[in-house]
$ cat data.cif   # mmCIF, C-alpha atoms
data_entry
#
loop_
_atom_site.group_PDB
_atom_site.id
_atom_site.type_symbol
_atom_site.label_atom_id
_atom_site.label_comp_id
_atom_site.auth_asym_id
_atom_site.auth_seq_id
_atom_site.Cartn_x
_atom_site.Cartn_y
_atom_site.Cartn_z
ATOM 1 C CA MET A 112 1.186 -8.839 -16.278
ATOM 2 C CA ASN A 113 2.813 -10.895 -13.543
ATOM 3 C CA GLN A 114 2.754 -8.780 -10.368
ATOM 4 C CA LEU A 115 6.122 -10.193 -9.364
ATOM 5 C CA ASP A 116 7.630 -8.367 -12.343
ATOM 6 C CA ASN A 117 6.927 -5.083 -10.548
ATOM 7 C CA PHE A 118 8.668 -5.858 -7.253
ATOM 8 C CA GLU A 119 12.210 -4.478 -7.572
ATOM 9 C CA GLU A 120 11.402 -1.901 -4.907
ATOM 10 C CA TYR A 121 10.682 -4.684 -2.387
ATOM 11 C CA GLU A 122 13.688 -6.947 -2.865
ATOM 12 C CA ASN A 123 15.308 -5.629 0.324
ATOM 13 C CA PRO A 124 12.679 -5.888 3.103
ATOM 14 C CA ILE A 125 15.049 -4.475 5.729
ATOM 15 C CA LEU A 126 15.628 -1.355 3.608
ATOM 16 C CA TYR A 127 11.886 -1.162 3.022
ATOM 17 C CA ASP A 128 11.273 -1.144 6.783
ATOM 18 C CA GLN A 129 13.908 1.481 7.333
ATOM 19 C CA GLU A 130 12.367 3.805 4.776
ATOM 20 C CA ASN A 131 8.676 3.147 5.543
ATOM 21 C CA ASP A 132 8.216 2.128 9.196
ATOM 22 C CA PRO A 133 8.188 5.750 10.445
ATOM 23 C CA PHE A 134 4.952 6.370 8.515
ATOM 24 C CA GLN A 135 2.069 5.565 10.853
ATOM 25 C CA ASP A 136 -0.592 8.091 9.816
ATOM 26 C CA ASP A 137 -2.885 5.373 8.465
ATOM 27 C CA VAL A 138 -2.788 3.233 11.605
ATOM 28 C CA LYS A 139 -4.840 5.671 13.692
ATOM 29 C CA LEU A 140 -7.774 5.590 11.240
ATOM 30 C CA LEU A 141 -7.521 1.810 10.931
ATOM 31 C CA GLN A 142 -7.564 1.516 14.728
ATOM 32 C CA LYS A 143 -10.717 3.638 14.867
ATOM 33 C CA TRP A 144 -12.549 1.246 12.538
ATOM 34 C CA ALA A 145 -11.028 -1.861 14.135
ATOM 35 C CA LEU A 146 -12.675 -0.924 17.425
ATOM 36 C CA LYS A 147 -16.092 -1.178 15.736
ATOM 37 C CA VAL A 148 -15.746 -4.786 14.548
ATOM 38 C CA ASN A 149 -15.347 -8.319 15.835
ATOM 39 C CA GLY A 150 -13.560 -11.073 13.985
ATOM 40 C CA PRO A 151 -10.393 -11.318 11.946
ATOM 41 C CA ILE A 152 -9.186 -8.153 10.206
ATOM 42 C CA ILE A 153 -7.473 -8.704 6.853
ATOM 43 C CA ASP A 154 -4.447 -6.608 5.833
ATOM 44 C CA LEU A 155 -3.884 -7.019 2.073
ATOM 45 C CA ALA A 156 -0.434 -6.400 0.569
ATOM 46 C CA CYS A 157 0.702 -6.314 4.193
ATOM 47 C CA GLY A 158 4.405 -6.270 3.369
ATOM 48 C CA THR A 159 6.496 -6.598 6.501
ATOM 49 C CA GLY A 160 3.571 -5.790 8.788
ATOM 50 C CA ARG A 161 3.984 -2.027 9.181
ATOM 51 C CA ALA A 162 0.229 -1.611 9.794
ATOM 52 C CA THR A 163 -0.576 -5.210 10.750
ATOM 53 C CA ILE A 164 1.578 -5.358 13.861
ATOM 54 C CA PRO A 165 0.252 -2.203 15.618
ATOM 55 C CA LEU A 166 -3.334 -3.416 15.190
ATOM 56 C CA ALA A 167 -2.416 -6.813 16.613
ATOM 57 C CA GLU A 168 -0.593 -5.100 19.482
ATOM 58 C CA ALA A 169 -3.882 -3.325 20.249
ATOM 59 C CA GLY A 170 -5.507 -6.733 20.740
ATOM 60 C CA HIS A 171 -7.079 -7.401 17.346
ATOM 61 C CA THR A 172 -6.879 -10.633 15.341
ATOM 62 C CA LEU A 173 -5.149 -10.088 11.998
ATOM 63 C CA ILE A 174 -4.542 -11.963 8.763
ATOM 64 C CA GLY A 175 -1.652 -10.439 6.829
ATOM 65 C CA VAL A 176 -1.645 -11.341 3.129
ATOM 66 C CA ASP A 177 1.102 -10.661 0.606
ATOM 67 C CA ILE A 178 2.341 -12.233 -2.617
ATOM 68 C CA HIS A 179 5.995 -11.418 -1.847
ATOM 69 C CA LYS A 180 7.712 -14.201 0.086
ATOM 70 C CA GLY A 181 10.632 -12.035 1.194
ATOM 71 C CA MET A 182 8.408 -9.389 2.727
ATOM 72 C CA LEU A 183 6.391 -12.018 4.602
ATOM 73 C CA THR A 184 9.589 -13.643 5.855
ATOM 74 C CA GLN A 185 10.613 -10.301 7.356
ATOM 75 C CA ALA A 186 7.127 -9.870 8.860
ATOM 76 C CA LYS A 187 7.354 -13.295 10.501
ATOM 77 C CA ARG A 188 10.839 -12.498 11.785
ATOM 78 C CA LYS A 189 9.590 -9.300 13.410
ATOM 79 C CA THR A 190 6.799 -11.143 15.253
ATOM 80 C CA GLU A 191 8.352 -14.535 16.049
ATOM 81 C CA GLN A 192 9.161 -13.583 19.650
ATOM 82 C CA THR A 193 5.678 -12.216 20.320
ATOM 83 C CA ASN A 194 2.269 -13.644 21.179
ATOM 84 C CA LEU A 195 0.469 -11.465 18.659
ATOM 85 C CA ASN A 196 -2.590 -12.972 17.004
ATOM 86 C CA ILE A 197 -1.442 -12.678 13.377
ATOM 87 C CA GLU A 198 -1.608 -15.265 10.621
ATOM 88 C CA TRP A 199 0.725 -14.488 7.711
ATOM 89 C CA MET A 200 -0.432 -15.865 4.356
ATOM 90 C CA GLU A 201 1.300 -15.839 0.966
ATOM 91 C CA GLN A 202 -1.450 -15.312 -1.609
ATOM 92 C CA ASP A 203 -2.304 -13.256 -4.671
ATOM 93 C CA CYS A 204 -4.749 -10.527 -3.611
ATOM 94 C CA THR A 205 -6.599 -10.830 -6.930
ATOM 95 C CA ASN A 206 -7.470 -14.450 -6.123
ATOM 96 C CA LEU A 207 -7.812 -14.741 -2.370
ATOM 97 C CA GLN A 208 -8.623 -18.142 -0.870
ATOM 98 C CA LEU A 209 -8.556 -17.391 2.855
ATOM 99 C CA GLY A 210 -11.543 -19.453 3.955
ATOM 100 C CA VAL A 211 -12.870 -16.718 6.246
ATOM 101 C CA LYS A 212 -15.173 -13.708 6.139
ATOM 102 C CA SER A 213 -13.947 -10.475 7.669
ATOM 103 C CA PRO A 214 -15.752 -7.378 8.967
ATOM 104 C CA LEU A 215 -12.806 -5.142 7.965
ATOM 105 C CA ILE A 216 -10.320 -5.398 5.111
ATOM 106 C CA TYR A 217 -7.753 -2.761 4.230
ATOM 107 C CA ILE A 218 -4.920 -2.205 1.770
ATOM 108 C CA VAL A 219 -2.564 0.682 2.573
ATOM 109 C CA GLY A 220 0.832 2.014 1.496
ATOM 110 C CA ASN A 221 -0.675 2.957 -1.899
ATOM 111 C CA SER A 222 -0.585 -0.747 -2.777
ATOM 112 C CA PHE A 223 -3.840 -0.314 -4.707
ATOM 113 C CA GLN A 224 -1.672 1.231 -7.443
ATOM 114 C CA HIS A 225 0.108 -2.080 -8.040
ATOM 115 C CA PHE A 226 -2.982 -3.384 -9.819
ATOM 116 C CA LEU A 227 -2.197 -1.916 -13.204
ATOM 117 C CA THR A 228 -5.087 -2.982 -15.410
ATOM 118 C CA ASN A 229 -8.873 -2.717 -15.224
ATOM 119 C CA GLU A 230 -9.014 -6.520 -14.989
ATOM 120 C CA GLU A 231 -6.619 -6.658 -12.032
ATOM 121 C CA GLN A 232 -8.548 -3.912 -10.228
ATOM 122 C CA ASP A 233 -11.816 -5.798 -10.734
ATOM 123 C CA GLN A 234 -10.224 -9.044 -9.549
ATOM 124 C CA LEU A 235 -8.852 -7.356 -6.431
ATOM 125 C CA LEU A 236 -12.181 -5.749 -5.571
ATOM 126 C CA GLY A 237 -13.993 -9.013 -6.294
ATOM 127 C CA SER A 238 -11.682 -10.847 -3.897
ATOM 128 C CA VAL A 239 -12.261 -8.211 -1.229
ATOM 129 C CA HIS A 240 -16.040 -8.358 -1.732
ATOM 130 C CA ASN A 241 -16.027 -12.159 -1.457
ATOM 131 C CA HIS A 242 -14.115 -12.068 1.832
ATOM 132 C CA LEU A 243 -16.092 -9.308 3.536
ATOM 133 C CA GLU A 244 -19.022 -9.973 5.793
ATOM 134 C CA GLN A 245 -22.270 -8.352 4.669
ATOM 135 C CA GLU A 246 -21.878 -4.592 5.181
ATOM 136 C CA GLY A 247 -18.201 -5.135 5.978
ATOM 137 C CA ILE A 248 -15.804 -2.213 5.631
ATOM 138 C CA PHE A 249 -13.037 -1.826 3.051
ATOM 139 C CA ILE A 250 -10.418 0.936 3.516
ATOM 140 C CA PHE A 251 -7.633 1.825 1.113
ATOM 141 C CA GLY A 252 -5.497 4.712 -0.072
ATOM 142 C CA THR A 253 -4.057 5.691 -3.429
ATOM 143 C CA ARG A 254 -2.196 8.708 -4.752
ATOM 144 C CA PHE A 255 -4.304 11.539 -6.148
ATOM 145 C CA PRO A 256 -3.766 11.999 -9.902
ATOM 146 C CA SER A 257 -2.966 15.711 -9.785
ATOM 147 C CA PRO A 258 -1.029 17.405 -12.622
ATOM 148 C CA ASP A 259 1.914 17.911 -10.248
ATOM 149 C CA GLU A 260 1.962 14.206 -9.437
ATOM 150 C CA LEU A 261 1.624 12.903 -12.986
ATOM 151 C CA LEU A 262 3.427 15.426 -15.138
ATOM 152 C CA GLN A 263 6.753 15.475 -13.387
ATOM 153 C CA PRO A 264 9.811 16.300 -15.514
ATOM 154 C CA ALA A 265 11.437 13.170 -16.938
ATOM 155 C CA THR A 266 14.720 14.164 -15.327
ATOM 156 C CA GLU A 267 16.404 13.138 -12.109
ATOM 157 C CA GLU A 268 14.697 14.836 -9.166
ATOM 158 C CA TYR A 269 15.922 14.879 -5.551
ATOM 159 C CA TRP A 270 13.397 13.284 -3.176
ATOM 160 C CA ARG A 271 14.837 12.744 0.304
ATOM 161 C CA SER A 272 17.859 11.697 2.387
ATOM 162 C CA TYR A 273 18.215 9.348 5.338
ATOM 163 C CA LYS A 274 20.819 7.409 7.318
ATOM 164 C CA ASP A 275 20.954 3.675 6.594
ATOM 165 C CA GLU A 276 21.608 0.839 9.044
ATOM 166 C CA THR A 277 25.369 1.456 8.810
ATOM 167 C CA GLY A 278 24.956 5.134 9.702
ATOM 168 C CA LYS A 279 25.872 6.332 6.221
ATOM 169 C CA MET A 280 23.814 8.996 4.475
ATOM 170 C CA VAL A 281 21.723 7.954 1.473
ATOM 171 C CA ASP A 282 20.359 10.480 -1.015
ATOM 172 C CA VAL A 283 17.284 9.355 -2.949
ATOM 173 C CA TYR A 284 16.356 10.601 -6.415
ATOM 174 C CA THR A 285 13.512 9.668 -8.775
ATOM 175 C CA ILE A 286 12.947 9.723 -12.515
ATOM 176 C CA SER A 287 9.341 9.439 -13.697
ATOM 177 C CA ASN A 288 7.556 8.983 -16.997
ATOM 178 C CA TYR A 289 3.754 8.945 -17.167
ATOM 179 C CA ASP A 290 1.971 6.836 -19.775
ATOM 180 C CA THR A 291 -1.250 8.794 -20.345
ATOM 181 C CA ILE A 292 -2.910 5.973 -22.295
ATOM 182 C CA GLN A 293 -2.430 3.290 -19.637
ATOM 183 C CA GLN A 294 -2.565 5.792 -16.723
ATOM 184 C CA VAL A 295 0.629 4.209 -15.413
ATOM 185 C CA GLN A 296 3.573 6.093 -13.940
ATOM 186 C CA HIS A 297 6.989 4.515 -14.554
ATOM 187 C CA TYR A 298 9.302 5.378 -11.672
ATOM 188 C CA MET A 299 13.009 4.792 -11.305
ATOM 189 C CA THR A 300 14.327 5.304 -7.778
ATOM 190 C CA ILE A 301 18.055 5.968 -7.381
ATOM 191 C CA ARG A 302 19.695 5.563 -3.967
ATOM 192 C CA ARG A 303 23.223 6.937 -3.582
ATOM 193 C CA GLN A 304 25.118 6.014 -0.432
ATOM 194 C CA LYS A 305 27.815 8.472 0.676
ATOM 195 C CA ASP A 306 30.789 8.184 3.004
ATOM 196 C CA GLU A 307 31.503 10.575 5.858
ATOM 197 C CA ASN A 308 33.160 12.988 3.397
ATOM 198 C CA GLY A 309 30.111 13.132 1.186
ATOM 199 C CA LYS A 310 31.635 11.010 -1.586
ATOM 200 C CA MET A 311 29.304 8.529 -3.308
ATOM 201 C CA ILE A 312 30.373 4.944 -2.559
ATOM 202 C CA ASP A 313 27.371 2.983 -3.839
ATOM 203 C CA GLU A 314 24.415 3.460 -6.166
ATOM 204 C CA LYS A 315 21.317 1.292 -6.586
ATOM 205 C CA LYS A 316 18.452 1.748 -9.050
ATOM 206 C CA THR A 317 15.001 0.175 -8.838
ATOM 207 C CA ASN A 318 11.949 0.461 -11.081
ATOM 208 C CA ILE A 319 8.251 0.394 -10.290
ATOM 209 C CA LYS A 320 4.988 0.958 -12.188
ATOM 210 C CA LEU A 321 1.986 2.563 -10.512
ATOM 211 C CA ARG A 322 -1.567 2.908 -11.836
ATOM 212 C CA TYR A 323 -3.466 6.137 -11.235
ATOM 213 C CA VAL A 324 -7.253 6.332 -10.973
ATOM 214 C CA TYR A 325 -9.307 9.523 -11.173
ATOM 215 C CA PRO A 326 -12.036 10.210 -8.588
ATOM 216 C CA GLN A 327 -14.989 9.777 -10.960
ATOM 217 C CA GLU A 328 -13.409 6.623 -12.370
ATOM 218 C CA MET A 329 -12.937 5.264 -8.847
ATOM 219 C CA ASP A 330 -16.556 6.041 -8.002
ATOM 220 C CA ARG A 331 -17.757 3.917 -10.929
ATOM 221 C CA LEU A 332 -15.187 1.183 -10.215
ATOM 222 C CA LEU A 333 -16.200 0.752 -6.583
ATOM 223 C CA LYS A 334 -19.939 0.913 -7.157
ATOM 224 C CA GLY A 335 -19.647 -1.549 -10.043
ATOM 225 C CA ASN A 336 -17.905 -4.038 -7.772
ATOM 226 C CA GLY A 337 -20.453 -3.908 -4.961
ATOM 227 C CA PHE A 338 -19.209 -1.118 -2.697
ATOM 228 C CA GLU A 339 -20.876 1.947 -1.252
ATOM 229 C CA ILE A 340 -18.457 4.825 -0.679
ATOM 230 C CA LEU A 341 -18.909 6.124 2.873
ATOM 231 C CA ALA A 342 -16.147 8.749 2.730
ATOM 232 C CA VAL A 343 -13.244 10.017 0.632
ATOM 233 C CA TYR A 344 -10.429 11.892 2.358
ATOM 234 C CA LYS A 345 -7.289 13.701 1.227
ATOM 235 C CA ASP A 346 -5.278 12.252 4.116
ATOM 236 C CA TRP A 347 -5.501 9.764 6.969
ATOM 237 C CA HIS A 348 -6.699 12.533 9.317
ATOM 238 C CA GLU A 349 -10.107 12.477 7.573
ATOM 239 C CA THR A 350 -9.701 15.827 5.809
ATOM 240 C CA PRO A 351 -12.201 16.147 2.927
ATOM 241 C CA LEU A 352 -10.822 15.650 -0.595
ATOM 242 C CA THR A 353 -9.782 18.845 -2.418
ATOM 243 C CA GLU A 354 -8.216 19.671 -5.767
ATOM 244 C CA ASP A 355 -4.789 20.113 -4.182
ATOM 245 C CA SER A 356 -4.846 16.644 -2.596
ATOM 246 C CA HIS A 357 -1.931 14.224 -2.784
ATOM 247 C CA GLN A 358 -3.886 11.181 -1.624
ATOM 248 C CA MET A 359 -7.364 9.684 -1.871
ATOM 249 C CA ILE A 360 -8.391 7.655 1.184
ATOM 250 C CA TYR A 361 -11.555 5.600 0.671
ATOM 251 C CA VAL A 362 -13.809 4.114 3.325
ATOM 252 C CA CYS A 363 -16.320 1.756 1.668
ATOM 253 C CA ARG A 364 -19.031 -0.641 2.734
ATOM 254 C CA LYS A 365 -19.932 -3.915 1.050
ATOM 255 C CA VAL A 366 -23.337 -3.989 -0.610
ATOM 256 C CA GLU A 367 -24.714 -6.403 -3.182
ATOM 257 C CA ALA A 368 -22.738 -6.305 -6.436
#
$ encode --input "data.cif" --output "structure tokens"
Amino acid sequence: MNQLDNFEEYENPILYDQENDPFQDDVKLLQKWALKVNGPIIDLACGTGRATIPLAEAGHTLIGVDIHKGMLTQAKRKTEQTNLNIEWMEQDCTNLQLGVKSPLIYIVGNSFQHFLTNEEQDQLLGSVHNHLEQEGIFIFGTRFPSPDELLQPATEEYWRSYKDETGKMVDVYTISNYDTIQQVQHYMTIRRQKDENGKMIDEKKTNIKLRYVYPQEMDRLLKGNGFEILAVYKDWHETPLTEDSHQMIYVCRKVEA
């Protein structure tokens, strides 16, 4: 599958920022590990720099990598008036050619789920392994495959509301359908903009596919690609994984494959 076929949700980088910039839970843990290393830190699937920019603002050298030109354009726009030490690179994360070794690589925002097949997951992890220094650290998060997460009703469900850049309220709904054979969730997100009287004036629908990986499967996947799992958390506050988790946060170290 061409990854660009799964990018409807990212066609409006400004909207993406508006909906996602407030989330900063992962940055604190990334900062903790960044303080332990020297050398360029690599942010994979960096998007518009939500996590890249705060690390650079803390004085670290960053390489932000994404396959989506529009998201990188927005990232560059956000940093063009700064002196931050960030190099933005448009590359496929399954076939990185960065020409550097890094002590710390991360992929956040549940972007790990964009790699839908076993082959793509292996290629991603191989690329990460190749670009890490010996005993370098790899950090990533993915949604926990709980029954509540996977077996959602295939009907329109209310998710959240927010005010857009024009000040109008937007209600967000989702429709999901889980393919148990492929372990892929098919999501449709519906955004309905309302006027001041609460009347809908615009509706946009986007689709996305997300791969889910079970903990024992992830254990085998990481070890088979040359990683030692140092910790698995249920959130970015380093809470141990439990059965009622919504996330799996992995901290791994490169070993010989």
$ closest_residue --input "data.cif" --among "A:Thr190, A:Ser213, A:Gln263, A:Gln358" --to "Asp290 (chain A)" --atoms "all atoms listed in the file"
A:Gln263
$ resolve_selection --input "data.cif" --expression "the PyMOL selection byres ((chain A and resi 276-288) around 12)" --output "PyMOL selection string"
chain A and resi 125-130+259-275+289-291+293-321
$ closest_residue --input "data.cif" --among "A:Met359, A:Val211, A:Leu183, A:Ile340" --to "Ile248 (chain A)" --atoms "all atoms listed in the file"
A:Ile340
$ resolve_selection --input "data.cif" --expression "the PyMOL selection byres ((chain A and resi 345-352) around 9)" --output "VMD selection string"
chain A and resid 136 to 140 252 255 342 to 344 353 to 360
$ atom_distance --input "data.cif" --atom1 "CA of Asn196 (chain A)" --atom2 "CA of Ile174 (chain A)"
8.5 Å
$ closest_residue --input "data.cif" --among "A:Gly150, A:Gly220, A:Gly181, A:Pro214" --to "Val239 (chain A)" --atoms "only C-alpha atoms"
A:Pro214
$ residues_around --input "data.cif" --residues "Cys157 (chain A)" --least-positions-apart "5" --cutoff "8 Å" --atoms "all atoms listed in the file" --output "list in words"
Ala162, Thr163, Gly175, Val176, Asp177, Ile218 and Val219 of chain A
$ resolve_selection --input "data.cif" --expression "the PyMOL selection byres ((chain A and resi 152) around 6)" --output "PDB file with C-alpha atoms, in the frame of the given file"
ATOM      1  CA  PRO A 151     -10.393 -11.318  11.946  1.00  0.00           C
ATOM      2  CA  ILE A 153      -7.473  -8.704   6.853  1.00  0.00           C
ATOM      3  CA  LEU A 173      -5.149 -10.088  11.998  1.00  0.00           C
ATOM      4  CA  SER A 213     -13.947 -10.475   7.669  1.00  0.00           C
ATOM      5  CA  LEU A 215     -12.806  -5.142   7.965  1.00  0.00           C
ATOM      6  CA  ILE A 216     -10.320  -5.398   5.111  1.00  0.00           C
TER       7      ILE A 216
END
$ atom_distance --input "data.cif" --atom1 "CA of Glu230 (chain A)" --atom2 "CA of Phe338 (chain A)"
16.9 Å
$ atom_distance --input "data.cif" --atom1 "CA of Gly237 (chain A)" --atom2 "CA of Asn336 (chain A)"
6.5 Å
